[in-house]
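Dumped protein-v4.cif below, it's mmCIF, C-alpha atoms:
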data_entry
#
loop_
_atom_site.group_PDB
_atom_site.id
_atom_site.type_symbol
_atom_site.label_atom_id
_atom_site.label_comp_id
_atom_site.auth_asym_id
_atom_site.auth_seq_id
_atom_site.Cartn_x
_atom_site.Cartn_y
_atom_site.Cartn_z
ATOM 1 C CA MET M 26 -17.841 19.780 9.236
ATOM 2 C CA ASN M 27 -21.064 19.558 7.188
ATOM 3 C CA SER M 28 -23.437 17.454 9.309
ATOM 4 C CA ASN M 29 -25.303 16.433 6.151
ATOM 5 C CA ILE M 30 -22.294 14.538 4.801
ATOM 6 C CA LYS M 31 -21.458 11.338 6.642
ATOM 7 C CA VAL M 32 -18.568 9.961 4.536
ATOM 8 C CA SER M 33 -15.786 11.573 2.502
ATOM 9 C CA ILE M 34 -14.329 9.250 -0.125
ATOM 10 C CA PHE M 35 -10.728 9.878 -1.153
ATOM 11 C CA CYS M 36 -9.981 9.085 -4.806
ATOM 12 C CA GLU M 37 -6.511 9.761 -6.199
ATOM 13 C CA THR M 38 -5.848 9.387 -9.903
ATOM 14 C CA TYR M 39 -3.137 9.957 -12.479
ATOM 15 C CA ASN M 40 -3.352 8.949 -16.159
ATOM 16 C CA GLN M 41 -6.054 6.367 -15.514
ATOM 17 C CA GLU M 42 -8.429 7.105 -18.376
ATOM 18 C CA LYS M 43 -8.961 3.365 -18.893
ATOM 19 C CA TYR M 44 -10.073 2.776 -15.308
ATOM 20 C CA ILE M 45 -11.412 5.966 -13.693
ATOM 21 C CA GLU M 46 -14.972 5.652 -15.018
ATOM 22 C CA GLU M 47 -15.384 2.163 -13.561
ATOM 23 C CA CYS M 48 -14.018 3.496 -10.257
ATOM 24 C CA LEU M 49 -16.393 6.477 -10.125
ATOM 25 C CA GLN M 50 -19.415 4.464 -11.218
ATOM 26 C CA GLY M 51 -18.785 1.927 -8.450
ATOM 27 C CA ILE M 52 -18.842 4.771 -5.916
ATOM 28 C CA ILE M 53 -21.881 6.532 -7.390
ATOM 29 C CA ASN M 54 -23.783 3.210 -7.312
ATOM 30 C CA GLN M 55 -23.556 3.052 -3.517
ATOM 31 C CA CYS M 56 -26.951 2.692 -1.850
ATOM 32 C CA THR M 57 -26.908 4.569 1.464
ATOM 33 C CA ASP M 58 -29.302 6.290 3.838
ATOM 34 C CA PHE M 59 -26.741 9.077 4.308
ATOM 35 C CA LYS M 60 -24.956 11.596 2.100
ATOM 36 C CA PHE M 61 -21.372 11.135 0.945
ATOM 37 C CA GLU M 62 -18.902 13.143 -1.104
ATOM 38 C CA VAL M 63 -16.242 11.967 -3.548
ATOM 39 C CA LEU M 64 -13.029 13.978 -3.223
ATOM 40 C CA ILE M 65 -11.090 13.385 -6.424
ATOM 41 C CA HIS M 66 -7.500 14.493 -6.774
ATOM 42 C CA ASP M 67 -6.193 14.398 -10.330
ATOM 43 C CA ASP M 68 -2.415 14.687 -10.166
ATOM 44 C CA ALA M 69 -1.840 16.524 -13.470
ATOM 45 C CA SER M 70 -2.921 13.708 -15.775
ATOM 46 C CA THR M 71 -1.840 14.093 -19.400
ATOM 47 C CA ASP M 72 -4.470 11.740 -20.852
ATOM 48 C CA ASN M 73 -8.283 12.009 -20.843
ATOM 49 C CA THR M 74 -8.698 11.335 -17.113
ATOM 50 C CA PRO M 75 -9.639 14.987 -16.275
ATOM 51 C CA GLN M 76 -12.282 15.054 -19.019
ATOM 52 C CA ILE M 77 -13.923 11.883 -17.670
ATOM 53 C CA ILE M 78 -13.916 13.302 -14.128
ATOM 54 C CA LYS M 79 -15.457 16.570 -15.357
ATOM 55 C CA LYS M 80 -18.265 14.607 -17.008
ATOM 56 C CA TYR M 81 -19.119 13.023 -13.641
ATOM 57 C CA GLU M 82 -18.632 16.326 -11.848
ATOM 58 C CA GLU M 83 -21.242 17.959 -14.106
ATOM 59 C CA GLN M 84 -23.631 15.045 -13.659
ATOM 60 C CA TYR M 85 -23.237 14.824 -9.855
ATOM 61 C CA PRO M 86 -22.216 18.371 -8.773
ATOM 62 C CA HIS M 87 -23.130 17.857 -5.108
ATOM 63 C CA VAL M 88 -21.192 14.588 -4.833
ATOM 64 C CA ILE M 89 -18.117 14.783 -7.079
ATOM 65 C CA LYS M 90 -15.613 17.412 -5.930
ATOM 66 C CA ALA M 91 -12.397 17.462 -7.922
ATOM 67 C CA ILE M 92 -8.986 19.083 -7.752
ATOM 68 C CA TYR M 93 -7.085 19.277 -11.036
ATOM 69 C CA GLN M 94 -3.376 19.777 -10.476
ATOM 70 C CA LYS M 95 -1.219 21.543 -13.059
ATOM 71 C CA GLU M 96 1.984 19.963 -11.707
ATOM 72 C CA ASN M 97 2.352 16.417 -10.417
ATOM 73 C CA GLN M 98 2.426 16.551 -6.617
ATOM 74 C CA PHE M 99 3.295 12.914 -5.914
ATOM 75 C CA SER M 100 6.620 13.266 -7.748
ATOM 76 C CA LYS M 101 7.444 16.155 -5.407
ATOM 77 C CA GLY M 102 6.957 13.919 -2.385
ATOM 78 C CA VAL M 103 3.725 15.644 -1.326
ATOM 79 C CA SER M 104 1.254 13.590 0.735
ATOM 80 C CA ILE M 105 -1.994 13.929 -1.226
ATOM 81 C CA TRP M 106 -4.182 12.720 1.651
ATOM 82 C CA GLN M 107 -2.583 15.063 4.156
ATOM 83 C CA LYS M 108 -2.260 18.239 2.099
ATOM 84 C CA PHE M 109 -5.219 18.159 -0.279
ATOM 85 C CA GLN M 110 -7.805 15.596 0.783
ATOM 86 C CA LEU M 111 -8.147 15.646 4.561
ATOM 87 C CA PRO M 112 -8.401 19.476 4.914
ATOM 88 C CA ARG M 113 -11.482 19.570 2.652
ATOM 89 C CA ALA M 114 -13.176 16.403 3.944
ATOM 90 C CA GLN M 115 -16.574 17.232 5.467
ATOM 91 C CA GLY M 116 -17.532 13.717 6.530
ATOM 92 C CA GLU M 117 -17.204 12.084 9.912
ATOM 93 C CA TYR M 118 -15.739 9.019 8.207
ATOM 94 C CA ILE M 119 -13.121 8.515 5.483
ATOM 95 C CA ALA M 120 -13.265 5.790 2.821
ATOM 96 C CA ILE M 121 -10.652 5.253 0.097
ATOM 97 C CA CYS M 122 -10.761 4.059 -3.505
ATOM 98 C CA GLU M 123 -7.893 4.873 -5.837
ATOM 99 C CA GLY M 124 -8.651 5.588 -9.481
ATOM 100 C CA ASP M 125 -7.621 2.208 -10.878
ATOM 101 C CA ASP M 126 -9.668 0.141 -8.380
ATOM 102 C CA TYR M 127 -13.437 -0.188 -8.047
ATOM 103 C CA TRP M 128 -16.254 -1.229 -5.705
ATOM 104 C CA ILE M 129 -18.701 -3.987 -6.644
ATOM 105 C CA ASP M 130 -20.940 -4.194 -3.571
ATOM 106 C CA TYR M 131 -23.672 -1.511 -3.769
ATOM 107 C CA TYR M 132 -24.011 -1.620 0.021
ATOM 108 C CA LYS M 133 -20.310 -1.502 0.932
ATOM 109 C CA LEU M 134 -20.435 1.933 2.570
ATOM 110 C CA GLN M 135 -23.765 1.328 4.279
ATOM 111 C CA LYS M 136 -22.524 -1.915 5.874
ATOM 112 C CA GLN M 137 -19.315 -0.284 7.072
ATOM 113 C CA ILE M 138 -20.967 2.804 8.545
ATOM 114 C CA ASN M 139 -23.618 0.647 10.218
ATOM 115 C CA PHE M 140 -20.851 -1.320 11.906
ATOM 116 C CA LEU M 141 -18.894 1.752 13.054
ATOM 117 C CA GLU M 142 -22.036 3.498 14.321
ATOM 118 C CA GLN M 143 -23.014 0.410 16.308
ATOM 119 C CA HIS M 144 -19.471 -0.202 17.643
ATOM 120 C CA PRO M 145 -17.972 3.086 18.910
ATOM 121 C CA ASN M 146 -14.915 1.233 20.272
ATOM 122 C CA TYR M 147 -13.857 0.364 16.702
ATOM 123 C CA GLY M 148 -11.989 2.932 14.624
ATOM 124 C CA MET M 149 -11.754 1.229 11.254
ATOM 125 C CA VAL M 150 -13.508 -1.452 9.247
ATOM 126 C CA TYR M 151 -12.417 -3.138 6.018
ATOM 127 C CA SER M 152 -13.343 -6.165 3.929
ATOM 128 C CA ARG M 153 -12.057 -8.668 1.401
ATOM 129 C CA SER M 154 -11.277 -7.824 -2.214
ATOM 130 C CA LEU M 155 -11.048 -9.646 -5.517
ATOM 131 C CA VAL M 156 -7.898 -9.192 -7.631
ATOM 132 C CA TYR M 157 -7.992 -8.387 -11.338
ATOM 133 C CA TYR M 158 -4.744 -8.875 -13.281
ATOM 134 C CA GLN M 159 -4.849 -6.124 -15.874
ATOM 135 C CA GLU M 160 -2.043 -7.419 -18.093
ATOM 136 C CA ARG M 161 -3.716 -10.841 -18.436
ATOM 137 C CA LYS M 162 -7.220 -9.300 -18.373
ATOM 138 C CA GLU M 163 -8.182 -11.974 -15.901
ATOM 139 C CA MET M 164 -10.019 -12.031 -12.589
ATOM 140 C CA SER M 165 -8.021 -14.150 -10.158
ATOM 141 C CA ASN M 166 -9.484 -16.785 -7.843
ATOM 142 C CA GLU M 167 -7.407 -15.079 -5.170
ATOM 143 C CA VAL M 168 -9.176 -13.005 -2.529
ATOM 144 C CA ILE M 169 -7.122 -10.563 -0.444
ATOM 145 C CA GLY M 170 -7.899 -9.340 3.053
ATOM 146 C CA VAL M 171 -7.140 -11.188 6.294
ATOM 147 C CA PRO M 172 -8.770 -10.634 9.710
ATOM 148 C CA ILE M 173 -6.515 -8.482 11.921
ATOM 149 C CA SER M 174 -7.474 -7.669 15.495
ATOM 150 C CA CYS M 175 -4.468 -5.791 16.923
ATOM 151 C CA ILE M 176 -1.229 -3.993 16.076
ATOM 152 C CA GLU M 177 0.859 -7.046 17.058
ATOM 153 C CA GLU M 178 -0.732 -8.950 14.178
ATOM 154 C CA LEU M 179 -0.725 -6.057 11.721
ATOM 155 C CA ILE M 180 2.975 -5.293 12.189
ATOM 156 C CA CYS M 181 3.764 -8.795 10.915
ATOM 157 C CA GLY M 182 2.117 -8.059 7.572
ATOM 158 C CA ASN M 183 -0.221 -5.581 5.907
ATOM 159 C CA HIS M 184 -3.323 -7.573 5.013
ATOM 160 C CA ILE M 185 -5.758 -4.655 4.798
ATOM 161 C CA PRO M 186 -6.736 -3.798 1.193
ATOM 162 C CA THR M 187 -6.719 -0.001 1.023
ATOM 163 C CA LEU M 188 -9.697 0.199 -1.339
ATOM 164 C CA THR M 189 -11.890 -1.571 1.236
ATOM 165 C CA SER M 190 -11.035 0.664 4.195
ATOM 166 C CA CYS M 191 -13.378 3.004 6.061
ATOM 167 C CA MET M 192 -12.230 4.837 9.202
ATOM 168 C CA ARG M 193 -13.137 7.608 11.598
ATOM 169 C CA LYS M 194 -11.808 10.914 10.305
ATOM 170 C CA HIS M 195 -10.432 12.067 13.670
ATOM 171 C CA LEU M 196 -8.055 9.084 13.738
ATOM 172 C CA MET M 197 -6.528 10.063 10.398
ATOM 173 C CA SER M 198 -6.124 13.625 11.691
ATOM 174 C CA GLN M 199 -4.450 12.371 14.875
ATOM 175 C CA TYR M 200 -2.088 10.231 12.805
ATOM 176 C CA TYR M 201 -0.750 13.200 10.823
ATOM 177 C CA GLN M 202 -0.453 15.348 13.949
ATOM 178 C CA THR M 203 1.236 12.652 16.062
ATOM 179 C CA ILE M 204 3.375 10.563 13.705
ATOM 180 C CA LYS M 205 4.215 13.299 11.169
ATOM 181 C CA PRO M 206 4.800 10.775 8.338
ATOM 182 C CA GLU M 207 6.146 13.485 6.020
ATOM 183 C CA THR M 208 9.342 13.510 8.111
ATOM 184 C CA HIS M 209 10.009 9.791 7.579
ATOM 185 C CA ASN M 210 10.065 9.567 3.761
ATOM 186 C CA TRP M 211 8.036 6.324 3.758
ATOM 187 C CA LYS M 212 7.052 4.980 0.344
ATOM 188 C CA MET M 213 3.529 3.982 1.394
ATOM 189 C CA GLY M 214 0.792 6.058 2.933
ATOM 190 C CA ASP M 215 -1.677 3.417 4.057
ATOM 191 C CA TYR M 216 0.309 0.888 6.118
ATOM 192 C CA PRO M 217 1.675 3.288 8.784
ATOM 193 C CA LEU M 218 -1.823 4.796 9.065
ATOM 194 C CA TRP M 219 -3.292 1.329 9.724
ATOM 195 C CA LEU M 220 -0.628 0.671 12.370
ATOM 196 C CA PHE M 221 -1.408 3.950 14.135
ATOM 197 C CA ILE M 222 -5.169 3.329 14.110
ATOM 198 C CA SER M 223 -4.691 -0.229 15.414
ATOM 199 C CA SER M 224 -2.612 1.198 18.282
ATOM 200 C CA GLN M 225 -5.443 3.542 19.282
ATOM 201 C CA THR M 226 -8.559 1.459 18.775
ATOM 202 C CA LEU M 227 -10.009 -1.820 17.520
ATOM 203 C CA ILE M 228 -10.291 -2.667 13.819
ATOM 204 C CA HIS M 229 -12.662 -5.106 12.153
ATOM 205 C CA MET M 230 -12.902 -7.001 8.874
ATOM 206 C CA LEU M 231 -16.283 -7.660 7.310
ATOM 207 C CA PRO M 232 -16.135 -11.230 5.933
ATOM 208 C CA GLU M 233 -17.469 -10.101 2.557
ATOM 209 C CA THR M 234 -15.934 -9.305 -0.828
ATOM 210 C CA THR M 235 -16.889 -5.749 -1.732
ATOM 211 C CA THR M 236 -14.228 -4.478 -4.158
ATOM 212 C CA VAL M 237 -11.833 -5.294 -6.999
ATOM 213 C CA TYR M 238 -8.140 -4.483 -6.694
ATOM 214 C CA ARG M 239 -6.573 -3.945 -10.100
ATOM 215 C CA PHE M 240 -3.074 -5.450 -10.200
ATOM 216 C CA LEU M 241 -0.912 -3.410 -12.553
ATOM 217 C CA LYS M 242 2.552 -4.359 -13.735
ATOM 218 C CA GLU M 243 3.839 -0.953 -12.647
ATOM 219 C CA SER M 244 2.578 0.732 -9.467
ATOM 220 C CA VAL M 245 3.874 2.078 -6.144
ATOM 221 C CA SER M 246 3.875 -1.388 -4.547
ATOM 222 C CA HIS M 247 4.776 -3.389 -7.677
ATOM 223 C CA SER M 248 7.532 -2.368 -10.039
ATOM 224 C CA THR M 249 9.807 -3.915 -12.639
ATOM 225 C CA ASP M 250 12.345 -1.239 -11.691
ATOM 226 C CA ILE M 251 14.719 -2.969 -9.258
ATOM 227 C CA HIS M 252 15.546 0.251 -7.393
ATOM 228 C CA LYS M 253 11.878 1.218 -6.890
ATOM 229 C CA TYR M 254 11.019 -2.290 -5.711
ATOM 230 C CA LYS M 255 13.981 -2.331 -3.335
ATOM 231 C CA LEU M 256 13.029 1.069 -1.869
ATOM 232 C CA PHE M 257 9.482 -0.193 -1.294
ATOM 233 C CA LEU M 258 10.757 -3.239 0.607
ATOM 234 C CA LEU M 259 13.138 -1.127 2.691
ATOM 235 C CA SER M 260 10.320 1.298 3.469
ATOM 236 C CA ASP M 261 8.158 -1.595 4.667
ATOM 237 C CA LEU M 262 11.022 -2.676 6.925
ATOM 238 C CA LYS M 263 11.557 0.836 8.322
ATOM 239 C CA ILE M 264 7.846 1.245 9.081
ATOM 240 C CA LYS M 265 7.717 -2.031 11.009
ATOM 241 C CA LEU M 266 10.817 -1.214 13.051
ATOM 242 C CA TYR M 267 9.608 2.341 13.746
ATOM 243 C CA PHE M 268 6.233 1.284 15.150
ATOM 244 C CA LYS M 269 7.721 -1.652 17.024
ATOM 245 C CA GLU M 270 10.021 0.742 18.868
ATOM 246 C CA LEU M 271 7.391 3.479 19.243
ATOM 247 C CA TYR M 272 4.911 1.188 20.970
ATOM 248 C CA ASN M 273 7.485 -1.117 22.571
ATOM 249 C CA LEU M 274 6.070 -4.211 20.880
ATOM 250 C CA PRO M 275 7.547 -7.647 21.662
ATOM 251 C CA SER M 276 9.792 -9.474 19.184
ATOM 252 C CA SER M 277 7.509 -12.409 18.496
ATOM 253 C CA GLU M 278 8.409 -15.380 16.311
ATOM 254 C CA GLU M 279 5.937 -14.126 13.685
ATOM 255 C CA PHE M 280 7.596 -10.715 13.637
ATOM 256 C CA ASN M 281 11.067 -12.261 13.261
ATOM 257 C CA LYS M 282 9.792 -14.452 10.423
ATOM 258 C CA CYS M 283 8.358 -11.365 8.759
ATOM 259 C CA LEU M 284 11.694 -9.523 8.911
ATOM 260 C CA ASN M 285 13.426 -12.627 7.638
ATOM 261 C CA ARG M 286 11.121 -12.725 4.591
ATOM 262 C CA ILE M 287 12.009 -9.111 3.788
ATOM 263 C CA PHE M 288 15.769 -9.744 4.076
ATOM 264 C CA TYR M 289 15.439 -12.892 1.954
ATOM 265 C CA THR M 290 13.522 -11.005 -0.755
ATOM 266 C CA LEU M 291 16.042 -8.149 -0.715
ATOM 267 C CA CYS M 292 18.931 -10.629 -0.967
ATOM 268 C CA ARG M 293 17.299 -12.518 -3.840
ATOM 269 C CA THR M 294 16.369 -9.312 -5.692
ATOM 270 C CA CYS M 295 19.826 -7.761 -5.369
ATOM 271 C CA ILE M 296 21.813 -10.844 -6.392
ATOM 272 C CA LYS M 297 19.461 -11.632 -9.260
ATOM 273 C CA ASN M 298 20.155 -8.135 -10.600
ATOM 274 C CA GLY M 299 23.919 -8.211 -10.069
ATOM 275 C CA LEU M 300 24.020 -6.091 -6.899
ATOM 276 C CA PHE M 301 26.281 -8.605 -5.159
ATOM 277 C CA LYS M 302 27.738 -6.399 -2.435
ATOM 278 C CA GLU M 303 24.302 -5.257 -1.283
ATOM 279 C CA GLY M 304 22.884 -8.758 -1.669
ATOM 280 C CA LYS M 305 25.639 -10.137 0.533
ATOM 281 C CA SER M 306 24.782 -7.618 3.279
ATOM 282 C CA TYR M 307 21.175 -8.871 3.350
ATOM 283 C CA TYR M 308 22.353 -12.489 3.183
ATOM 284 C CA LYS M 309 24.130 -11.987 6.515
ATOM 285 C CA LYS M 310 20.862 -10.871 8.151
ATOM 286 C CA ILE M 311 18.907 -13.995 7.176
ATOM 287 C CA HIS M 312 18.205 -16.680 9.802
ATOM 288 C CA LEU M 313 18.112 -20.137 8.239
ATOM 289 C CA LYS M 314 15.730 -21.508 10.874
ATOM 290 C CA TYR M 315 12.907 -19.434 9.377
ATOM 291 C CA LEU M 316 13.432 -20.721 5.818
ATOM 292 C CA ASP M 317 11.864 -23.792 4.236
ATOM 293 C CA LYS M 318 13.914 -26.303 2.243
ATOM 294 C CA ALA M 319 13.315 -24.605 -1.122
ATOM 295 C CA LYS M 320 14.400 -21.186 0.143
ATOM 296 C CA LYS M 321 17.506 -22.656 1.780
ATOM 297 C CA LYS M 322 18.420 -24.192 -1.566
ATOM 298 C CA HIS M 323 17.896 -20.860 -3.306
ATOM 299 C CA LEU M 324 19.995 -19.142 -0.660
ATOM 300 C CA SER M 325 22.883 -21.535 -1.294
ATOM 301 C CA PHE M 326 22.654 -20.677 -4.982
ATOM 302 C CA PHE M 327 22.687 -16.935 -4.155
ATOM 303 C CA TYR M 328 25.782 -17.404 -2.000
ATOM 304 C CA LEU M 329 27.478 -19.363 -4.790
ATOM 305 C CA ARG M 330 26.824 -16.551 -7.254
ATOM 306 C CA CYS M 331 28.342 -14.073 -4.787
ATOM 307 C CA PHE M 332 31.367 -16.316 -4.262
ATOM 308 C CA ILE M 333 31.967 -16.642 -8.029
ATOM 309 C CA TYR M 334 31.598 -12.895 -8.475
ATOM 310 C CA TYR M 335 34.145 -12.009 -5.770
ATOM 311 C CA PHE M 336 36.494 -14.826 -6.846
ATOM 312 C CA ARG M 337 36.565 -13.506 -10.427
ATOM 313 C CA LYS M 338 37.046 -9.990 -9.140
ATOM 314 C CA LYS M 339 40.016 -11.101 -7.039
ATOM 315 C CA ILE M 340 41.609 -12.927 -9.989
ATOM 316 C CA LEU M 341 41.151 -9.859 -12.188
ATOM 317 C CA LYS M 342 42.784 -7.605 -9.598
ATOM 318 C CA THR M 343 45.722 -10.020 -9.266
ATOM 319 C CA PHE M 344 46.114 -10.182 -13.055
ATOM 320 C CA ILE M 345 46.113 -6.414 -13.415
ATOM 321 C CA LYS M 346 48.601 -6.004 -10.560
ATOM 322 C CA THR M 347 50.952 -8.627 -12.051
ATOM 323 C CA HIS M 348 50.809 -7.664 -15.725
ATOM 324 C CA LEU M 349 50.268 -3.941 -15.808
#
How does this structure look as structure tokens?
Amino acid sequence: MNSNIKVSIFCETYNQEKYIEECLQGIINQCTDFKFEVLIHDDASTDNTPQIIKKYEEQYPHVIKAIYQKENQFSKGVSIWQKFQLPRAQGEYIAICEGDDYWIDYYKLQKQINFLEQHPNYGMVYSRSLVYYQERKEMSNEVIGVPISCIEELICGNHIPTLTSCMRKHLMSQYYQTIKPETHNWKMGDYPLWLFISSQTLIHMLPETTTVYRFLKESVSHSTDIHKYKLFLLSDLKIKLYFKELYNLPSSEEFNKCLNRIFYTLCRTCIKNGLFKEGKSYYKKIHLKYLDKAKKKHLSFFYLRCFIYYFRKKILKTFIKTHL
């Protein structure tokens, strides 16, 4: 570890020529009394993203350190943080900002490191974030980021914006060595890491808005592709159940409500897209006591659609058997 570098910032990017400069400039603008490095991983972009990164790399050679892939690693299921970023990180702390997001508080890193240095019993600190809807080109009034104090709260919902996070490096290393996420095929890299850290130490949210999360129509966590969206929801479910069992966490009302929301969303998504058999399987897992009046009404409509589908199917089978 280079003792001169305090923080290593992970920045992953792929075909983000429209956004990467704003991301890098927000990082470069950080006012700190310590040195930091920006570890950029370009995952074989086919647009001008590499050229923009190279411009910054030439301008800030001791800060910007890039990897330019020739083949896309994410599509191969490779964990970018684990394989490429963490092994070369020289800092004692890790901060994250993906290439389509950006930081707006010039003192974000300084505030976070000050907190962690003054509170050795805390392993991670994060903050609030604004949301920018790219398709509408509009900054929302919505602010994301909710105070979480323990794993029992975090397992009920991921309210930590990744782009605001800053953690102790040794905790990330322990996570990969202990949990071995590459063996679980999870569709998200941040949430299980947060759960592990919250099981080992305290986490804290600064009550300030320091970043802007860019909401894109198509991303890992948001997709118009029904199968991708469904896999993301199922991965969220698997992560929650895995850590609940691993740490023997109680089945609280909040946790049951959380699972119920996932099953309801899966049911709604499947039936809306004509996947009636799968939708029916999720319908059976839903507990009505956790649903409000509107959702109960929607659920009745989902069940009716399933009933009509199977009724028509039965009539068709009978017709074919009788007439053919």
Range 39-45 of chain M: axis-aligned bounding box, 5 Å on each side, centre and edge lengths in Å, one decimal, as AutoDock Vina command-line options:
--center_x -7.3 --center_y 6.4 --center_z -15.7 --size_x 18.3 --size_y 17.2 --size_z 16.4
message: Running the PyMOL selection byres ((chain M and resi 229-242) around 6) on this model by hand, what would come out? Give it as a ChimeraX atom specification.
response: /M:126-130,150-159,172,228,243
message: So that I can see what lies close to range 188-199 of chain M, please list as JSON, numbers by chain the residues with an atom at most 10 Å from it, counting only C-alpha atoms and leaving out residues fewer than 5 positions away in the same chain.
response: {"M": [32, 33, 34, 35, 36, 106, 107, 111, 112, 114, 115, 116, 117, 118, 119, 120, 121, 122, 123, 124, 125, 126, 127, 128, 133, 134, 137, 138, 141, 145, 147, 148, 149, 150, 151, 152, 153, 154, 170, 204, 205, 215, 218, 219, 221, 222, 225, 226, 228, 229, 230, 231, 234, 235, 236, 237, 238]}
message: If I take CA of Ile30 in chain M and CA of Phe61 in chain M, how far is one from the other in Å, to one decimal?
response: 5.2 Å
- prompt: Quick one: of M:Lys31, M:His312, M:Arg113, M:His252, who's nearest to Asn139 in chain M, counting only C-alpha atoms?
  reply: M:Lys31
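Evaluated against this file, the PyMOL selection byres ((chain M and resi 63) around 6) yields Ile34, Glu62, Leu64, Val88, Ile89 and Lys90 of chain M.
Picture a line from CA of Leu179 in chain M to CA of Leu220 in chain M; it runs 6.8 Å.
CA of Ile65 in chain M is positioned 4.5 Å from CA of Ala91 in chain M.
Closest approach to Thr71 in chain M among M:His144, M:Lys95, M:Arg286, M:His87 is made by M:Lys95 (distances from only C-alpha atoms).
Of the listed residues (M:Thr294, M:Tyr307, M:Glu178, M:Asn183), M:Glu178 comes nearest to Leu274 in chain M; the distances count only C-alpha atoms.
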Spatial neighbours of Cys292 in chain M, 12 Å, all atoms listed in the file, chain gap at least 4 places, as a VMD selection string: chain M and resid 255 258 to 259 285 to 288 296 to 311 320 323 to 328 330 to 331
task: Starting from the displayed file, determine the output of the PyMOL selection byres ((chain M and resi 72-76) around 12) and express the residue list as number ranges by chain.
output: M: 37-49, 65-71, 77-83, 91-95, 124-125
- prompt: Given the choices M:Phe140, M:Gln202, M:Leu227, M:Asn281, which gets closest to Ser174 in chain M if the distance is worked out from only C-alpha atoms?
  reply: M:Leu227
